[in-house]
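For reference, work_15.txt is printed below; it contains compact mmCIF, C-alpha atoms and all ligand atoms.
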```txt
# COMPACT_ATOMS: atom_id res chain seq x y z
CA MET O 1274 105.65 90.19 111.96
CA THR O 1275 102.18 90.16 113.42
CA LEU O 1276 101.54 93.83 112.82
CA LEU O 1277 101.30 93.29 109.13
CA ALA O 1278 99.60 89.94 109.12
CA ARG O 1279 96.70 89.87 106.68
CA THR O 1280 93.43 90.51 108.44
CA ASP O 1281 90.95 90.77 105.60
CA GLY O 1282 88.39 88.01 105.57
CA ALA O 1283 87.29 88.76 102.05
CA THR O 1284 85.62 86.06 100.07
CA GLU O 1285 85.80 85.65 96.37
CA THR O 1286 82.85 86.92 94.42
CA GLU O 1287 82.03 86.03 90.86
CA PRO O 1288 84.88 83.62 90.28
CA ARG O 1289 86.30 83.69 86.79
CA SER O 1290 87.53 80.71 84.92
CA GLN O 1291 89.14 82.70 82.16
CA GLU O 1292 92.66 83.94 82.57
CA HIS O 1293 94.82 85.69 80.04
CA GLY O 1294 98.13 84.33 79.00
CA THR O 1295 99.77 81.00 78.63
CA GLY O 1296 100.22 80.05 82.26
CA LEU O 1297 97.83 78.63 84.75
CA ARG O 1298 97.30 80.04 88.17
CA PRO O 1299 98.04 77.50 90.90
CA ALA O 1300 94.78 75.93 92.04
CA ASN O 1301 95.13 77.12 95.64
CA THR O 1302 95.34 80.82 94.85
CA ARG O 1303 92.36 83.05 94.33
CA PRO O 1304 92.37 86.34 92.51
CA ILE O 1305 92.88 89.30 94.82
CA ILE O 1306 92.03 91.58 91.90
CA GLU O 1307 89.44 90.83 89.23
CA ILE O 1308 88.91 93.16 86.33
CA HIS O 1309 85.95 92.42 84.06
CA SER O 1310 85.65 94.14 80.66
CA LEU O 1311 86.93 97.44 81.97
CA SER O 1312 86.78 100.42 79.62
CA LYS O 1313 87.53 104.06 80.28
CA ILE O 1314 86.75 106.96 78.01
CA TYR O 1315 87.81 110.40 79.22
CA ASP O 1316 86.92 112.18 76.04
CA ALA O 1317 84.62 110.66 73.40
CA LYS O 1318 86.60 112.32 70.61
CA SER O 1319 89.88 110.60 71.47
CA GLY O 1320 88.41 107.13 72.02
CA PRO O 1321 88.91 104.73 74.93
CA VAL O 1322 92.01 104.99 77.10
CA LEU O 1323 91.23 101.50 78.43
CA ASP O 1324 89.46 99.19 76.04
CA ASP O 1325 87.77 96.05 77.35
CA ILE O 1326 90.41 95.01 79.88
CA SER O 1327 89.84 91.68 81.65
CA LEU O 1328 92.49 90.50 84.03
CA ASN O 1329 92.97 88.58 87.27
CA VAL O 1330 95.78 89.15 89.74
CA SER O 1331 96.46 86.19 92.00
CA GLU O 1332 96.70 86.71 95.73
CA GLY O 1333 100.29 86.99 96.91
CA SER O 1334 101.69 87.62 93.45
CA ILE O 1335 103.75 90.48 92.05
CA HIS O 1336 102.05 91.46 88.82
CA GLY O 1337 103.90 93.79 86.48
CA ILE O 1338 102.06 96.06 84.08
CA ILE O 1339 104.21 97.46 81.34
CA GLY O 1340 103.52 99.63 78.36
CA ARG O 1341 104.72 102.72 76.64
CA SER O 1342 103.83 106.22 77.79
CA GLY O 1343 100.11 106.84 77.32
CA ALA O 1344 99.23 103.13 77.14
CA GLY O 1345 96.79 103.56 80.04
CA LYS O 1346 98.80 102.07 82.90
CA SER O 1347 98.13 104.80 85.46
CA THR O 1348 94.47 104.96 84.47
CA LEU O 1349 94.23 101.21 85.04
CA VAL O 1350 95.67 101.36 88.56
CA ARG O 1351 93.53 104.37 89.40
CA CYS O 1352 90.51 102.25 88.50
CA LEU O 1353 91.79 99.67 90.99
CA ASN O 1354 91.71 102.11 93.90
CA GLY O 1355 88.62 103.98 92.80
CA LEU O 1356 90.39 107.25 91.95
CA VAL O 1357 89.04 106.84 88.43
CA SER O 1358 85.62 105.34 87.81
CA PRO O 1359 85.27 103.05 84.81
CA SER O 1360 83.06 104.01 81.86
CA SER O 1361 82.02 100.37 81.78
CA GLY O 1362 83.08 97.09 83.35
CA ARG O 1363 83.65 96.04 86.94
CA VAL O 1364 86.63 95.97 89.28
CA PHE O 1365 86.87 93.78 92.37
CA VAL O 1366 89.64 94.02 94.95
CA SER O 1367 89.67 91.56 97.81
CA GLY O 1368 86.15 90.54 96.81
CA GLN O 1369 84.75 94.07 97.04
CA GLU O 1370 83.40 95.74 93.95
CA ILE O 1371 85.46 98.94 93.97
CA SER O 1372 83.76 100.23 90.83
CA ALA O 1373 80.37 100.19 92.61
CA LEU O 1374 81.43 101.99 95.82
CA LYS O 1375 81.12 105.67 96.66
CA GLY O 1376 81.85 108.07 99.52
CA GLN O 1377 82.46 106.54 102.91
CA ASP O 1378 82.30 102.96 101.62
CA LEU O 1379 84.91 103.67 98.96
CA ARG O 1380 87.19 105.40 101.46
CA LYS O 1381 86.94 102.39 103.74
CA ALA O 1382 87.63 99.95 100.91
CA ARG O 1383 90.66 102.00 99.88
CA ARG O 1384 92.40 101.10 103.12
CA GLN O 1385 92.86 97.67 101.55
CA ILE O 1386 94.56 99.20 98.53
CA ALA O 1387 97.73 101.15 99.21
CA MET O 1388 99.76 103.06 96.67
CA VAL O 1389 103.34 104.22 96.20
CA PHE O 1390 104.27 106.86 93.68
CA GLN O 1391 107.19 107.91 91.53
CA HIS O 1392 107.73 111.17 93.42
CA PHE O 1393 107.10 109.72 96.88
CA SER O 1394 104.47 112.36 97.82
CA LEU O 1395 105.76 112.82 101.37
CA LEU O 1396 104.74 115.84 103.45
CA SER O 1397 107.87 117.98 103.80
CA SER O 1398 106.75 119.50 107.12
CA ARG O 1399 106.48 116.09 108.80
CA THR O 1400 109.23 113.79 109.97
CA ALA O 1401 109.62 110.32 108.48
CA ALA O 1402 107.76 108.81 111.44
CA ALA O 1403 104.96 111.37 111.21
CA ASN O 1404 104.58 110.69 107.48
CA VAL O 1405 104.20 106.99 108.20
CA ALA O 1406 101.70 107.80 110.97
CA LEU O 1407 99.53 109.95 108.71
CA PRO O 1408 97.20 107.28 107.26
CA LEU O 1409 96.76 105.83 110.76
CA GLU O 1410 95.78 109.25 112.12
CA ILE O 1411 93.34 109.81 109.27
CA ALA O 1412 91.79 106.40 109.91
CA GLY O 1413 91.26 107.39 113.55
CA ILE O 1414 93.56 104.77 115.05
CA ALA O 1415 94.32 105.33 118.76
CA LYS O 1416 97.47 107.38 119.45
CA GLU O 1417 98.89 104.65 121.63
CA THR O 1418 98.54 102.08 118.82
CA ILE O 1419 100.14 104.47 116.32
CA ARG O 1420 103.07 105.05 118.67
CA LYS O 1421 103.69 101.30 118.75
CA ARG O 1422 103.05 100.58 115.10
CA VAL O 1423 105.18 103.26 113.44
CA PRO O 1424 108.56 101.94 114.70
CA ASP O 1425 107.64 98.47 113.42
CA LEU O 1426 106.85 99.91 110.00
CA LEU O 1427 110.12 101.85 109.92
CA GLU O 1428 111.96 98.70 110.87
CA LEU O 1429 110.25 96.76 108.09
CA VAL O 1430 111.70 99.16 105.51
CA GLY O 1431 115.09 99.32 107.21
CA LEU O 1432 114.86 102.93 108.38
CA SER O 1433 114.53 102.72 112.16
CA GLY O 1434 117.33 105.24 112.54
CA LYS O 1435 115.57 107.91 110.45
CA ALA O 1436 112.34 108.33 112.41
CA ASP O 1437 113.02 112.00 113.17
CA ALA O 1438 114.49 112.98 109.81
CA TYR O 1439 112.55 115.28 107.48
CA PRO O 1440 112.09 114.29 103.82
CA SER O 1441 114.64 116.93 102.76
CA GLU O 1442 117.22 115.07 104.85
CA LEU O 1443 116.57 111.74 103.12
CA SER O 1444 117.90 110.28 99.86
CA GLY O 1445 115.51 109.28 97.08
CA GLY O 1446 115.70 105.63 98.07
CA GLN O 1447 115.04 106.47 101.72
CA LYS O 1448 112.07 108.64 100.76
CA GLN O 1449 110.63 105.75 98.78
CA ARG O 1450 111.14 103.44 101.77
CA ILE O 1451 109.13 105.89 103.88
CA GLY O 1452 106.51 105.94 101.10
CA ILE O 1453 106.34 102.14 101.28
CA ALA O 1454 106.11 102.12 105.11
CA ARG O 1455 103.29 104.68 104.91
CA ALA O 1456 101.52 102.57 102.28
CA LEU O 1457 101.70 99.51 104.52
CA ALA O 1458 100.49 101.31 107.67
CA LEU O 1459 96.87 100.21 107.34
CA GLU O 1460 97.76 96.60 106.52
CA PRO O 1461 96.53 96.67 102.94
CA ALA O 1462 95.71 93.59 100.89
CA VAL O 1463 97.22 95.10 97.76
CA LEU O 1464 100.04 97.51 97.09
CA LEU O 1465 99.85 99.47 93.86
CA SER O 1466 103.14 100.89 92.68
CA ASP O 1467 103.05 103.45 89.88
CA GLU O 1468 106.61 103.86 88.58
CA ALA O 1469 107.90 103.78 92.17
CA THR O 1470 111.49 103.31 91.04
CA SER O 1471 111.50 105.55 87.97
CA ALA O 1472 113.11 108.47 89.77
CA LEU O 1473 115.85 106.33 91.32
CA ASP O 1474 119.29 105.32 90.11
CA PRO O 1475 119.81 101.66 89.11
CA GLU O 1476 121.42 100.61 92.39
CA THR O 1477 118.72 102.23 94.52
CA THR O 1478 116.08 100.78 92.19
CA GLU O 1479 117.49 97.35 92.88
CA GLN O 1480 117.34 97.91 96.65
CA ILE O 1481 113.73 99.08 96.50
CA LEU O 1482 112.78 96.10 94.30
CA ASP O 1483 114.49 93.78 96.79
CA LEU O 1484 112.52 95.41 99.60
CA LEU O 1485 109.23 94.95 97.74
CA LYS O 1486 110.09 91.34 96.97
CA ASP O 1487 111.01 90.76 100.61
CA ILE O 1488 107.75 92.28 101.86
CA ASN O 1489 105.81 90.23 99.30
CA ARG O 1490 107.43 87.05 100.61
CA ARG O 1491 107.27 87.89 104.30
CA ILE O 1492 103.67 89.01 104.57
CA GLY O 1493 102.21 87.69 101.31
CA LEU O 1494 101.29 91.18 100.15
CA SER O 1495 99.97 91.24 96.58
CA ILE O 1496 101.72 93.90 94.48
CA VAL O 1497 100.70 95.47 91.19
CA LEU O 1498 103.71 97.17 89.76
CA ILE O 1499 103.47 99.62 86.89
CA THR O 1500 106.63 100.32 85.02
CA HIS O 1501 107.97 101.12 81.59
CA GLU O 1502 111.22 99.33 82.45
CA MET O 1503 111.34 95.72 81.33
CA ASP O 1504 114.20 95.06 83.68
CA VAL O 1505 112.06 95.88 86.70
CA VAL O 1506 109.49 93.32 85.57
CA ARG O 1507 112.17 90.75 84.88
CA GLN O 1508 113.60 91.14 88.36
CA ILE O 1509 110.52 90.87 90.52
CA ALA O 1510 107.25 90.20 88.73
CA ASP O 1511 105.90 86.66 88.59
CA HIS O 1512 103.18 87.71 86.14
CA VAL O 1513 103.22 90.43 83.55
CA THR O 1514 100.65 92.20 81.42
CA VAL O 1515 101.66 94.29 78.43
CA LEU O 1516 99.34 97.18 77.64
CA GLU O 1517 99.22 98.98 74.35
CA GLN O 1518 96.78 101.75 73.52
CA GLY O 1519 94.50 100.66 76.31
CA ARG O 1520 94.40 96.99 75.34
CA ILE O 1521 96.12 93.92 76.73
CA ILE O 1522 98.44 92.54 74.09
CA GLU O 1523 100.19 89.95 76.25
CA SER O 1524 99.59 88.58 79.71
CA GLY O 1525 100.85 85.59 81.63
CA PRO O 1526 103.67 84.29 83.80
CA THR O 1527 106.68 86.57 83.28
CA PHE O 1528 108.91 83.76 82.11
CA ASP O 1529 106.40 82.61 79.46
CA VAL O 1530 105.78 86.11 78.16
CA PHE O 1531 109.50 86.81 77.97
CA ALA O 1532 110.33 83.47 76.39
CA PHE O 1533 107.45 83.32 73.92
CA PRO O 1534 106.07 86.78 73.20
CA ARG O 1535 103.16 86.28 70.83
CA SER O 1536 102.66 89.70 69.35
CA LYS O 1537 105.13 91.63 67.26
CA THR O 1538 104.77 94.68 69.47
CA ALA O 1539 105.48 92.78 72.66
CA ARG O 1540 108.45 91.17 70.98
CA SER O 1541 109.96 94.53 70.10
CA PHE O 1542 109.19 95.83 73.58
CA LEU O 1543 110.85 92.81 75.13
CA SER O 1544 113.88 92.94 72.90
CA SER O 1545 115.52 95.39 75.30
CA ILE O 1546 115.87 92.45 77.67
CA VAL O 1547 115.68 89.34 75.55
CA ALA O 1548 117.29 89.90 72.20
CA HIS O 1549 114.90 88.48 69.67
CA ASP O 1550 116.30 90.65 66.97
CA LEU O 1551 119.00 89.52 64.64
CA PRO O 1552 121.84 91.61 63.29
CA GLU O 1553 120.83 93.71 60.32
CA GLU O 1554 123.10 91.90 57.86
CA VAL O 1555 121.15 88.72 58.60
CA THR O 1556 117.66 90.21 58.50
CA ALA O 1557 118.56 91.87 55.19
CA ARG O 1558 118.79 88.46 53.53
CA LEU O 1559 115.89 86.83 55.34
CA VAL O 1560 112.91 85.76 53.20
CA GLN O 1561 109.60 84.15 54.18
CA GLU O 1562 109.53 81.25 51.74
CA ALA O 1563 112.23 78.64 51.19
CA THR O 1564 113.76 78.41 47.71
CA GLY O 1565 116.67 76.44 46.29
CA ASP O 1566 119.03 79.27 47.35
CA THR O 1567 118.03 79.53 50.98
CA ASP O 1568 118.81 77.88 54.31
CA PRO O 1569 116.34 77.80 57.19
CA VAL O 1570 116.95 80.15 60.13
CA ILE O 1571 115.87 78.46 63.33
CA ARG O 1572 115.39 80.13 66.67
CA ILE O 1573 115.83 77.66 69.49
CA THR O 1574 114.48 78.64 72.88
CA PHE O 1575 115.88 76.80 75.88
CA THR O 1576 114.14 76.99 79.20
CA GLY O 1577 114.98 75.74 82.65
CA SER O 1578 117.33 72.78 82.86
CA SER O 1579 117.70 72.41 79.10
CA ALA O 1580 119.40 75.78 78.86
CA HIS O 1581 122.90 74.45 78.63
CA SER O 1582 122.51 71.37 76.50
CA ALA O 1583 124.91 70.88 73.62
CA VAL O 1584 122.26 71.06 70.95
CA VAL O 1585 124.42 72.38 68.14
CA ALA O 1586 126.83 69.46 68.37
CA ASP O 1587 123.82 67.12 68.47
CA LEU O 1588 122.43 68.54 65.24
CA VAL O 1589 125.76 68.13 63.47
CA GLU O 1590 126.09 64.56 64.57
CA ARG O 1591 122.52 63.41 63.94
CA PHE O 1592 121.56 65.31 60.84
CA LYS O 1593 124.93 66.16 59.29
CA VAL O 1594 123.80 69.76 58.97
CA ARG O 1595 126.11 72.76 59.33
CA PRO O 1596 124.44 74.96 61.94
CA ASN O 1597 125.99 78.40 61.96
CA ILE O 1598 125.23 80.38 65.08
CA LEU O 1599 123.84 83.80 64.20
CA HIS O 1600 123.03 84.95 67.66
CA GLY O 1601 122.77 83.60 71.16
CA ARG O 1602 122.36 84.67 74.75
CA ILE O 1603 121.13 83.49 78.10
CA ASP O 1604 118.97 85.64 80.37
CA TYR O 1605 117.82 84.95 83.88
CA ILE O 1606 114.20 85.72 84.55
CA GLY O 1607 112.97 85.19 88.08
CA GLY O 1608 116.06 83.03 88.60
CA ALA O 1609 115.24 80.69 85.70
CA ALA O 1610 117.51 80.50 82.67
CA LEU O 1611 116.11 81.46 79.30
CA GLY O 1612 118.43 80.80 76.40
CA ILE O 1613 117.85 81.93 72.85
CA LEU O 1614 120.03 80.59 70.07
CA THR O 1615 119.47 81.49 66.46
CA ILE O 1616 121.14 79.35 63.83
CA VAL O 1617 121.13 79.15 60.08
CA SER O 1618 121.06 75.49 59.24
CA GLU O 1619 123.08 74.82 56.11
CA ASN O 1620 122.86 71.51 54.29
CA THR O 1621 119.44 70.83 55.81
CA GLY O 1622 117.80 69.38 52.70
CA PRO O 1623 114.43 67.77 53.47
CA ARG O 1624 115.26 67.11 57.12
CA LEU O 1625 113.87 70.35 58.55
CA SER O 1626 110.78 68.79 60.10
CA ASP O 1627 112.90 65.99 61.60
CA ILE O 1628 115.18 68.59 63.13
CA LEU O 1629 112.23 70.45 64.65
CA SER O 1630 110.78 67.20 66.01
CA TYR O 1631 114.16 66.31 67.47
CA LEU O 1632 114.41 69.71 69.20
CA SER O 1633 110.94 69.21 70.57
CA SER O 1634 111.90 65.75 71.90
CA LEU O 1635 114.70 67.47 73.84
CA GLY O 1636 112.15 69.80 75.42
CA LEU O 1637 113.32 72.73 73.34
CA HIS O 1638 111.21 75.08 71.29
CA GLY O 1639 112.40 75.37 67.69
CA GLU O 1640 110.83 77.89 65.37
CA VAL O 1641 111.72 78.66 61.77
CA ILE O 1642 111.76 82.43 61.67
CA GLY O 1643 112.63 82.68 57.98
CA HIS O 1644 115.02 81.52 55.33
CA ALA O 1645 118.37 83.14 54.66
CA VAL O 1646 119.38 83.65 51.07
CA ARG O 1647 122.85 82.19 50.60
CA PRO O 1648 125.30 84.99 50.00
CA ALA O 1649 126.79 84.97 46.52
CA VAL O 1650 130.22 85.99 47.78
CA THR O 1651 131.82 83.49 50.14
CA GLY O 1652 133.83 86.20 51.91
CA ALA O 1653 130.68 88.15 52.80
CA HIS O 1654 129.12 84.96 54.10
CA ARG O 1655 132.00 84.35 56.48
CA ALA O 1656 131.90 87.96 57.69
CA ALA O 1657 128.24 87.60 58.64
CA HIS O 1658 129.13 84.89 61.12
N1 LIG N 1 92.23 112.81 83.69
C1 LIG N 1 92.39 112.63 82.37
N2 LIG N 1 91.63 113.28 81.48
C2 LIG N 1 91.76 113.10 80.15
N3 LIG N 1 92.65 112.27 79.59
C3 LIG N 1 93.45 111.58 80.41
C4 LIG N 1 93.38 111.73 81.85
N4 LIG N 1 94.31 110.93 82.41
C5 LIG N 1 94.95 110.30 81.39
N5 LIG N 1 94.43 110.70 80.19
C6 LIG N 1 94.87 110.20 78.87
O1 LIG N 1 94.77 108.80 78.88
C7 LIG N 1 95.85 108.21 78.19
C8 LIG N 1 96.55 107.22 79.10
O2 LIG N 1 97.13 107.91 80.18
P1 LIG N 1 97.85 107.18 81.40
O3 LIG N 1 98.33 108.24 82.31
O4 LIG N 1 96.93 106.15 81.95
O5 LIG N 1 99.05 106.47 80.63
P2 LIG N 1 100.36 105.78 81.22
O6 LIG N 1 100.47 104.46 80.54
O7 LIG N 1 100.33 105.80 82.70
O8 LIG N 1 101.52 106.73 80.68
P3 LIG N 1 102.92 107.14 81.37
O9 LIG N 1 103.84 105.97 81.14
O10 LIG N 1 103.35 108.34 80.59
O11 LIG N 1 102.69 107.42 82.81
C9 LIG N 1 96.73 109.35 77.72
O12 LIG N 1 96.44 109.61 76.38
C10 LIG N 1 96.33 110.49 78.60
O13 LIG N 1 96.48 111.71 77.94
MG MG N 2 101.51 106.68 84.17
```
Is it possible to express this structure as structure tokens?
Ligand SMILES: Nc1ncnc2c1ncn2[C@@H]1O[C@H](COP(=O)(O)OP(=O)(O)OP(=O)(O)O)[C@@H](O)[C@H]1O
Ligand SMILES: [Mg+2]
Amino acid sequence: MTLLARTDGATETEPRSQEHGTGLRPANTRPIIEIHSLSKIYDAKSGPVLDDISLNVSEGSIHGIIGRSGAGKSTLVRCLNGLVSPSSGRVFVSGQEISALKGQDLRKARRQIAMVFQHFSLLSSRTAAANVALPLEIAGIAKETIRKRVPDLLELVGLSGKADAYPSELSGGQKQRIGIARALALEPAVLLSDEATSALDPETTEQILDLLKDINRRIGLSIVLITHEMDVVRQIADHVTVLEQGRIIESGPTFDVFAFPRSKTARSFLSSIVAHDLPEEVTARLVQEATGDTDPVIRITFTGSSAHSAVVADLVERFKVRPNILHGRIDYIGGAALGILTIVSENTGPRLSDILSYLSSLGLHGEVIGHAVRPAVTGAHRAAH
């Protein structure tokens, strides 16, 4: 669709070599958003709401930002479109330093940075088509051009038949589609979405996420997606940043962050999707140090093609251990399988490091997460499995 082909000729300024997280950005992509040491203090008494944030968003990516209420997510995106000015640090979008622009220049730069909101923010007195036309009118685009462009935008979001409907005649999902069409009217380089699906039911959420993913693929639009729902990130984001109290606690490719969360907080946050937590009866007898009465508890993470390998049978055969499965599940993140299997390895003896090396040779990640004290009563032991 030529209407929405990217037209910005922005060049990269101040390239950064540092990127958060475990993954590497492909060499042929440049950051569409660069955030350098961004801090925001609204009120000196309550401390920074954003605290030394540095982050790149690759062009053409869908970057999820998650965090609990009050973590600073909305403040962060408002810094990206200049609605909030940083207390310190710099923000570049499409090569332009948003944090240094004011007045007319900022308004012009904002055309590159569209936004969709949780409550759609449509004008109730205007039809769907007239809502989509609004940013074009404000930008002074010729009436004739607007008349041609609006139907294309409605088609892009699958609502050609609703041009003359008023917002009150549309469902939540349809209103959000209009919000997205309006956001895309000025051919932005970046779409910021602040909880755009939070007011929608799960099925409609899925449809809107599919639409965003489709638009991302079709026109290469970069999307920054704020959400407090891990499932939204899992479904569409290729990168994710976890914010807590204004700081980045995890950032990287979604699969890596989900598979190997490094901080305890991120791990608990992620456990709604990927169960890293063991049943209570197991954690109750988990200790840090091995003794003569304990067996190692090993968490094995399978990624990609190794997800279905018969590792438990392998361990029995090679090491003559008795691996009891405590917990296991497979999740699909961005279409890739992520399996997590937690076993307590009885009869391990001194072979623990050999077992871990063997797992590693299979391309699996094995981690001893503790040592389970052997239950005194055999019956209770059986029940725990
Ligand atoms: N304009 C403002 N003036 C003063 N404090 C503010 C302002 N906007 C946000 N804050 C404070 O900054 C902190 C972060 O708010 P923000 O809205 O960025 O969080 P959030 O992660 O988007 O939360 P939620 O998930 O609830 O939307 C909160 O403590 C909030 O009270
Ligand atoms: Mg918010």
I'd like a table as JSON lines: residues in stretch 1311-1417 of chain O with an atom no more than 9 Å from stretch 1456-1460 of chain O, each row giving the shortest atom pair and its distance in Å to one decimal, all atoms listed in the file counted, sorted by chain and rising residue number.
```
{"residue": "O:Arg1384", "atom": "CA", "partner": "O:Leu1459", "partner_atom": "CA", "distance": 6.2}
{"residue": "O:Gln1385", "atom": "CA", "partner": "O:Glu1460", "partner_atom": "CA", "distance": 7.1}
{"residue": "O:Ile1386", "atom": "CA", "partner": "O:Ala1456", "partner_atom": "CA", "distance": 8.6}
{"residue": "O:Ala1387", "atom": "CA", "partner": "O:Ala1456", "partner_atom": "CA", "distance": 5.1}
{"residue": "O:Met1388", "atom": "CA", "partner": "O:Ala1456", "partner_atom": "CA", "distance": 5.9}
{"residue": "O:Val1389", "atom": "CA", "partner": "O:Ala1456", "partner_atom": "CA", "distance": 6.6}
{"residue": "O:Val1405", "atom": "CA", "partner": "O:Ala1458", "partner_atom": "CA", "distance": 6.8}
{"residue": "O:Ala1406", "atom": "CA", "partner": "O:Ala1458", "partner_atom": "CA", "distance": 7.4}
{"residue": "O:Leu1407", "atom": "CA", "partner": "O:Ala1458", "partner_atom": "CA", "distance": 8.8}
{"residue": "O:Pro1408", "atom": "CA", "partner": "O:Ala1458", "partner_atom": "CA", "distance": 6.8}
{"residue": "O:Leu1409", "atom": "CA", "partner": "O:Leu1459", "partner_atom": "CA", "distance": 6.6}
{"residue": "O:Ala1412", "atom": "CA", "partner": "O:Leu1459", "partner_atom": "CA", "distance": 8.4}
```
Checklist line | Residue with smallest distance to O:Gly1612 - pool O:Arg1624, O:Arg1450, O:His1638, O:Lys1593, counting all atoms listed in the file | finding: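 Smallest separation from O:Gly1612 among the options: O:His1638.
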Margin query: Please identify all protein, DNA and RNA residues within 9 Å of ligand MG 2 (chain N), counting only C-alpha atoms and all ligand atoms, and report them as a list of chain:residue names.
Written below: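 Counting only C-alpha atoms and all ligand atoms, the residues within 9 Å of ligand MG 2 (chain N) come out as O:Ser1342, O:Gly1343, O:Ala1344, O:Gly1345, O:Lys1346, O:Ser1347, O:Thr1348, O:Asp1467, O:Glu1468, O:Ile1499, O:Thr1500, O:His1501.
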Notebook entry, point to check: Do you know which residues are within 12 Å of ligand LIG 1 (chain N) using only C-alpha atoms and all ligand atoms? Can you write them as a ChimeraX atom specification?
Noted result: /O:1312-1324,1338-1352,1356-1358,1390-1391,1466-1469,1471,1498-1502,1515-1520
Next item on the list: Please measure the separation of atom CA of O:Asp1487 and atom CA of O:Val1364, giving the value in Å to one decimal.
Entry: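 Separation between atom CA of O:Asp1487 and atom CA of O:Val1364: 27.4 Å.
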Note to self: Counting all atoms listed in the file, which residues have an atom no more than 7 Å from (103.1, 89.0, 73.7) in the file's coordinates? Please list them as a count of residues only.
What the structure shows: 9
Check: atom CA of O:Phe1592 to atom CA of O:Glu1562: how many Å, to one decimal?
Finding: 21.9 Å
Note to self: Between O:Ala1586, O:Gly1493, O:Ala1472, O:Gly1622, which residue has the minimum interatomic distance to O:Ser1444, considering all atoms listed in the file?
What the structure shows: O:Ala1472
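Across O:Leu1637, O:Val1366, O:Ile1573, O:Leu1432, the tightest approach to O:Val1617 is made by O:Ile1573 when counting all atoms listed in the file.
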Check: What is the distance between atom CA of O:Ala1563 and atom CA of O:Phe1575, in Å to one decimal?
Finding: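 Value for the atom CA of O:Ala1563-atom CA of O:Phe1575 distance: 25.0 Å.
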Item checked: Minimum-distance residue to O:Thr1567, chosen among O:Glu1590, O:Glu1619, O:Asp1437, O:Glu1332 (using only C-alpha atoms) ->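 When distances to O:Thr1567 are compared using only C-alpha atoms, the smallest one comes from O:Glu1619.
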Checklist line | Selected residue of minimal separation from O:Ser1441 among O:Ala1557, O:Ile1414, O:Leu1396, O:Val1506, counting all atoms listed in the file | finding: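 Ranking O:Ala1557, O:Ile1414, O:Leu1396, O:Val1506 by distance to O:Ser1441, first place goes to O:Leu1396.
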As JSON, please report the centre and edge lengths, rounded to one decimal in Å, of the axis-aligned box that holds all listed atoms of stretch 1645-1648 of chain O with 5 Å of padding on each of the six sides.
```
{"center_x": 121.8, "center_y": 83.6, "center_z": 52.3, "size_x": 16.9, "size_y": 12.8, "size_z": 14.7}
```
For stretch 1640-1650 of chain O, find every residue with an atom within 8 Å (counting all atoms listed in the file), except residues of its own chain fewer than 6 positions away, and show them as a PDB file with C-alpha atoms, in the frame of the given file.
```pdb
ATOM      1  CA  VAL O1555     121.150  88.720  58.600  1.00  0.00           C
ATOM      2  CA  ARG O1558     118.790  88.460  53.530  1.00  0.00           C
ATOM      3  CA  LEU O1559     115.890  86.830  55.340  1.00  0.00           C
ATOM      4  CA  VAL O1560     112.910  85.760  53.200  1.00  0.00           C
ATOM      5  CA  GLN O1561     109.600  84.150  54.180  1.00  0.00           C
ATOM      6  CA  GLU O1562     109.530  81.250  51.740  1.00  0.00           C
ATOM      7  CA  ALA O1563     112.230  78.640  51.190  1.00  0.00           C
ATOM      8  CA  ASP O1566     119.030  79.270  47.350  1.00  0.00           C
ATOM      9  CA  THR O1567     118.030  79.530  50.980  1.00  0.00           C
ATOM     10  CA  ASP O1568     118.810  77.880  54.310  1.00  0.00           C
ATOM     11  CA  PRO O1569     116.340  77.800  57.190  1.00  0.00           C
ATOM     12  CA  VAL O1570     116.950  80.150  60.130  1.00  0.00           C
ATOM     13  CA  ILE O1571     115.870  78.460  63.330  1.00  0.00           C
ATOM     14  CA  ARG O1572     115.390  80.130  66.670  1.00  0.00           C
ATOM     15  CA  ILE O1573     115.830  77.660  69.490  1.00  0.00           C
ATOM     16  CA  VAL O1617     121.130  79.150  60.080  1.00  0.00           C
ATOM     17  CA  LEU O1629     112.230  70.450  64.650  1.00  0.00           C
TER      18      LEU O1629
END
```
Notebook entry, point to check: Counting all atoms listed in the file, what is within 10 Å of O:Leu1485, bar same-chain residues fewer than 4 positions away, as a PyMOL selection string?
Noted result: chain O and resi 1335+1430+1450+1453+1464+1466+1479-1481+1489-1491+1494+1496+1498+1509
Margin query: Taking 6 positions as the minimum chain separation for residues in the same chain, which residues sit within 6 Å of O:Ile1613 when counting all atoms listed in the file? Answer as a ChimeraX atom specification.
Written below: /O:1573-1574,1601-1602
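Near O:Ser1495, within a cut-off of 10 Å and counting all atoms listed in the file, sit the residues O:Pro1304, O:Ile1305, O:Ile1306, O:Val1330, O:Ser1331, O:Glu1332, O:Gly1333, O:Ser1334, O:Ile1335, O:His1336, O:Ile1386, O:Pro1461, O:Ala1462, O:Val1463, O:Leu1464, O:Leu1465, O:Ile1488, O:Asn1489, with same-chain residues fewer than 6 positions away left out.
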Next item on the list: Name the residues in contact with O:Pro1424 at a cut-off of 9 Å, using all atoms listed in the file, excluding same-chain residues fewer than 4 positions from it; report them as a list of chain:residue names.
Entry: O:Ala1402, O:Ile1419, O:Arg1420, O:Glu1428, O:Leu1429, O:Leu1432, O:Ser1433, O:Ala1436
